[in-house]
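Visitor: Sharing a structure below in structure tokens format, with a few things to ask.
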2 protein chains.
Amino acid sequence: MVKPTRVTNSIRALRFASGEMTQADLADRVGVTRQTLIAIEQGRYSPSLETAFRIARVFGVPLDDVFQYPDPAEEKP
Amino acid sequence: MVKPTRVTNSIRALRFASGEMTQADLADRVGVTRQTLIAIEQGRYSPSLETAFRIARVFGVPLDDVFQYPDPAEEKP
DNA sequence: ACTCGATGTACAAAATCTTTGACATAGCCA
DNA sequence: TGGCTATGTCAAAGATTTTGTACATCGAGT
């Protein structure tokens, strides 16, 4: 990955909030591989919009509850 | 494209609602090329989550106001 | 008639995302 | 100890998105 993603997410929290769902379970229900889910959950890259929608749907929440995009103005380390 | 996207969007409507913004203008403000914007607006493929976020941000609306993902249950032609 | 701006198309190349398969670690429990 | 589950990592191949370049059409002006 040349350019790390700026998108963060609440997947881990949602997973635990949804009754101890494992990464493998979630990956299965979303329709992606476990590796893909891990990479997304860790923010190593941002998923496609379609994958993002499917993740949100599994949790039954809107997209903005799962993924956050920081204000470009304030990403100074 | 092997698999056409199921994601639809309201970009054209939002563009006109935002004072006659042209595709070139929007592409510029989003930070993608005109071709990319046209392809997305026409639903030829779904953008990356990051691109989607930037589009929504230009219009000042949440992601779900720009993109819609149909219920997988009912996409029978 | 001519030009200009806005939209659309086509194609290949580059960049990014996803899969596949294999292996590693840590915790738990019989 | 040995086996099992959950999590994480790596590398290479495959699929999808994005770019770059070029060209076409349409409608509004002048």
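Each chain in the structure tokens gets a letter, A, B and so on, in the order shown; residues start at 1 in every chain, and ligands are counted from 1 in the order they appear.
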Please write out chain B, superposed on chain A by least squares over all C-alpha atoms matched in order, as a compact mmCIF listing (two decimals) with C-alpha atoms, in the first residue's frame.

Guide:
# COMPACT_ATOMS: atom_id res chain seq x y z
CA MET B 1 0.40 0.23 0.35
CA VAL B 2 1.75 3.52 -0.87
CA LYS B 3 -0.91 5.68 0.71
CA PRO B 4 -2.34 4.50 4.07
CA THR B 5 -6.03 5.12 4.46
CA ARG B 6 -7.46 7.96 6.52
CA VAL B 7 -10.72 6.15 7.09
CA THR B 8 -11.21 4.71 10.56
CA ASN B 9 -13.89 2.28 11.66
CA SER B 10 -15.76 0.80 14.59
CA ILE B 11 -15.87 -2.76 13.40
CA ARG B 12 -14.21 -4.30 16.44
CA ALA B 13 -16.55 -2.55 18.81
CA LEU B 14 -19.59 -3.47 16.74
CA ARG B 15 -18.41 -7.05 16.58
CA PHE B 16 -18.27 -7.35 20.34
CA ALA B 17 -21.53 -5.46 20.72
CA SER B 18 -23.11 -8.03 18.42
CA GLY B 19 -22.62 -10.95 20.73
CA GLU B 20 -18.99 -11.96 20.47
CA MET B 21 -19.02 -12.29 16.71
CA THR B 22 -15.63 -13.56 15.54
CA GLN B 23 -13.75 -12.12 12.59
CA ALA B 24 -14.29 -15.34 10.67
CA ASP B 25 -18.03 -15.19 11.33
CA LEU B 26 -18.28 -11.60 10.22
CA ALA B 27 -16.14 -12.15 7.12
CA ASP B 28 -18.44 -14.99 6.23
CA ARG B 29 -21.60 -12.99 6.66
CA VAL B 30 -20.14 -10.04 4.78
CA GLY B 31 -18.96 -12.25 1.96
CA VAL B 32 -15.24 -11.52 2.06
CA THR B 33 -12.25 -13.50 3.28
CA ARG B 34 -10.96 -13.36 6.80
CA GLN B 35 -7.77 -11.62 5.67
CA THR B 36 -9.76 -8.87 4.01
CA LEU B 37 -11.82 -8.29 7.11
CA ILE B 38 -8.74 -8.16 9.34
CA ALA B 39 -7.06 -5.64 7.03
CA ILE B 40 -10.14 -3.44 7.00
CA GLU B 41 -10.72 -3.72 10.75
CA GLN B 42 -7.11 -2.67 11.30
CA GLY B 43 -7.46 0.23 8.91
CA ARG B 44 -4.72 -1.01 6.62
CA TYR B 45 -6.83 0.03 3.67
CA SER B 46 -10.32 1.31 3.08
CA PRO B 47 -12.72 -1.18 1.52
CA SER B 48 -14.78 -0.73 -1.59
CA LEU B 49 -18.08 1.04 -1.07
CA GLU B 50 -19.95 -2.18 -1.72
CA THR B 51 -17.97 -4.08 0.90
CA ALA B 52 -18.52 -1.23 3.33
CA PHE B 53 -22.27 -1.36 2.74
CA ARG B 54 -22.37 -5.09 3.34
CA ILE B 55 -20.48 -4.71 6.61
CA ALA B 56 -22.86 -2.03 7.83
CA ARG B 57 -25.80 -4.16 6.83
CA VAL B 58 -24.62 -7.12 8.90
CA PHE B 59 -24.62 -4.87 11.96
CA GLY B 60 -27.86 -3.21 10.93
CA VAL B 61 -26.48 0.31 11.19
CA PRO B 62 -25.88 3.15 8.72
CA LEU B 63 -22.54 3.44 6.99
CA ASP B 64 -21.52 6.46 9.03
CA ASP B 65 -21.82 4.42 12.22
CA VAL B 66 -19.18 2.00 10.98
CA PHE B 67 -16.73 4.23 9.12
CA GLN B 68 -15.42 7.70 9.92
CA TYR B 69 -13.58 10.05 7.61
CA PRO B 70 -11.62 12.72 9.49
CA ASP B 71 -11.81 16.35 8.47
CA PRO B 72 -8.99 16.73 5.93
CA ALA B 73 -8.14 20.08 7.52
CA GLU B 74 -6.93 18.57 10.76
CA GLU B 75 -4.71 15.62 10.08
CA LYS B 76 -1.47 17.13 11.21
CA PRO B 77 0.83 14.66 13.06

Visitor: Which residues of chain C are close to chain A, meaning at most 9 Å apart when you count only C-alpha atoms (C1' of nucleotides), and how do they look as a list in words?

Guide: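 Taken together, these residues fit the definition: DA15, DT16, DC17, DT18 and DT19 of chain C.
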
Visitor: Could you please determine the separation between C1' of DT5 (chain D) and C1' of DT25 (chain C) in Å, to one decimal place?

Guide: 12.3 Å

Visitor: Based on DSSP run over this structure's backbone, return all residues of region 32-65 of chain B in helix (DSSP H, G or I), as a list in words.

Guide: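 Reading the DSSP output for region 32-65 of chain B, helix (DSSP H, G or I) covers Arg34, Gln35, Thr36, Leu37, Ile38, Ala39, Ile40, Glu41, Leu49, Glu50, Thr51, Ala52, Phe53, Arg54, Ile55, Ala56, Arg57, Val58, Phe59, Leu63, Asp64 and Asp65 of chain B.
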
Visitor: Save out the residues we just selected, C-alpha atoms, as a PDB file, in the first residue's frame.

Guide:
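Now in selection-v2.pdb:
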ATOM      1  CA  ARG B  34     -13.613  13.686 -14.780  1.00  0.00           C
ATOM      2  CA  GLN B  35     -13.777  10.178 -16.236  1.00  0.00           C
ATOM      3  CA  THR B  36     -13.884   8.651 -12.786  1.00  0.00           C
ATOM      4  CA  LEU B  37     -16.689  10.909 -11.714  1.00  0.00           C
ATOM      5  CA  ILE B  38     -18.715  10.172 -14.842  1.00  0.00           C
ATOM      6  CA  ALA B  39     -18.292   6.423 -14.352  1.00  0.00           C
ATOM      7  CA  ILE B  40     -19.398   6.661 -10.733  1.00  0.00           C
ATOM      8  CA  GLU B  41     -22.312   8.986 -11.482  1.00  0.00           C
ATOM      9  CA  LEU B  49     -14.967   4.222   0.348  1.00  0.00           C
ATOM     10  CA  GLU B  50     -12.554   7.116   0.524  1.00  0.00           C
ATOM     11  CA  THR B  51     -13.714   8.547  -2.791  1.00  0.00           C
ATOM     12  CA  ALA B  52     -17.305   8.111  -1.670  1.00  0.00           C
ATOM     13  CA  PHE B  53     -16.606  10.023   1.533  1.00  0.00           C
ATOM     14  CA  ARG B  54     -14.996  12.876  -0.354  1.00  0.00           C
ATOM     15  CA  ILE B  55     -17.982  13.142  -2.688  1.00  0.00           C
ATOM     16  CA  ALA B  56     -20.415  13.265   0.215  1.00  0.00           C
ATOM     17  CA  ARG B  57     -18.281  15.862   1.911  1.00  0.00           C
ATOM     18  CA  VAL B  58     -18.367  18.186  -1.099  1.00  0.00           C
ATOM     19  CA  PHE B  59     -22.158  18.160  -0.905  1.00  0.00           C
ATOM     20  CA  LEU B  63     -22.817   9.005   2.825  1.00  0.00           C
ATOM     21  CA  ASP B  64     -26.236   7.396   2.842  1.00  0.00           C
ATOM     22  CA  ASP B  65     -27.700  10.473   1.179  1.00  0.00           C
TER      23      ASP B  65
END

Visitor: Show me, as a list in words, the residues of chain D whose atoms get within 8 Å of chain B, using only C-alpha atoms (C1' of nucleotides) for the distance check.

Guide: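 Residues satisfying the distance criterion: DT16, DT17, DT18 and DT19 of chain D.
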
Visitor: Can you measure C1' of DG21 (chain C) to C1' of DT1 (chain D) for me? One decimal in Å is fine.

Guide: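 A separation of 28.6 Å between them.
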
Visitor: C1' of DT21 (chain D) and C1' of DT3 (chain C) are how many Å apart?

Guide: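 The value is 22.5 Å.
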
Visitor: List every residue of chain A that DSSP, applied to the backbone, labels as strand (DSSP E or B), and write the result as a PyMOL selection string.

Guide: chain A and resi 8-9+48+67-68
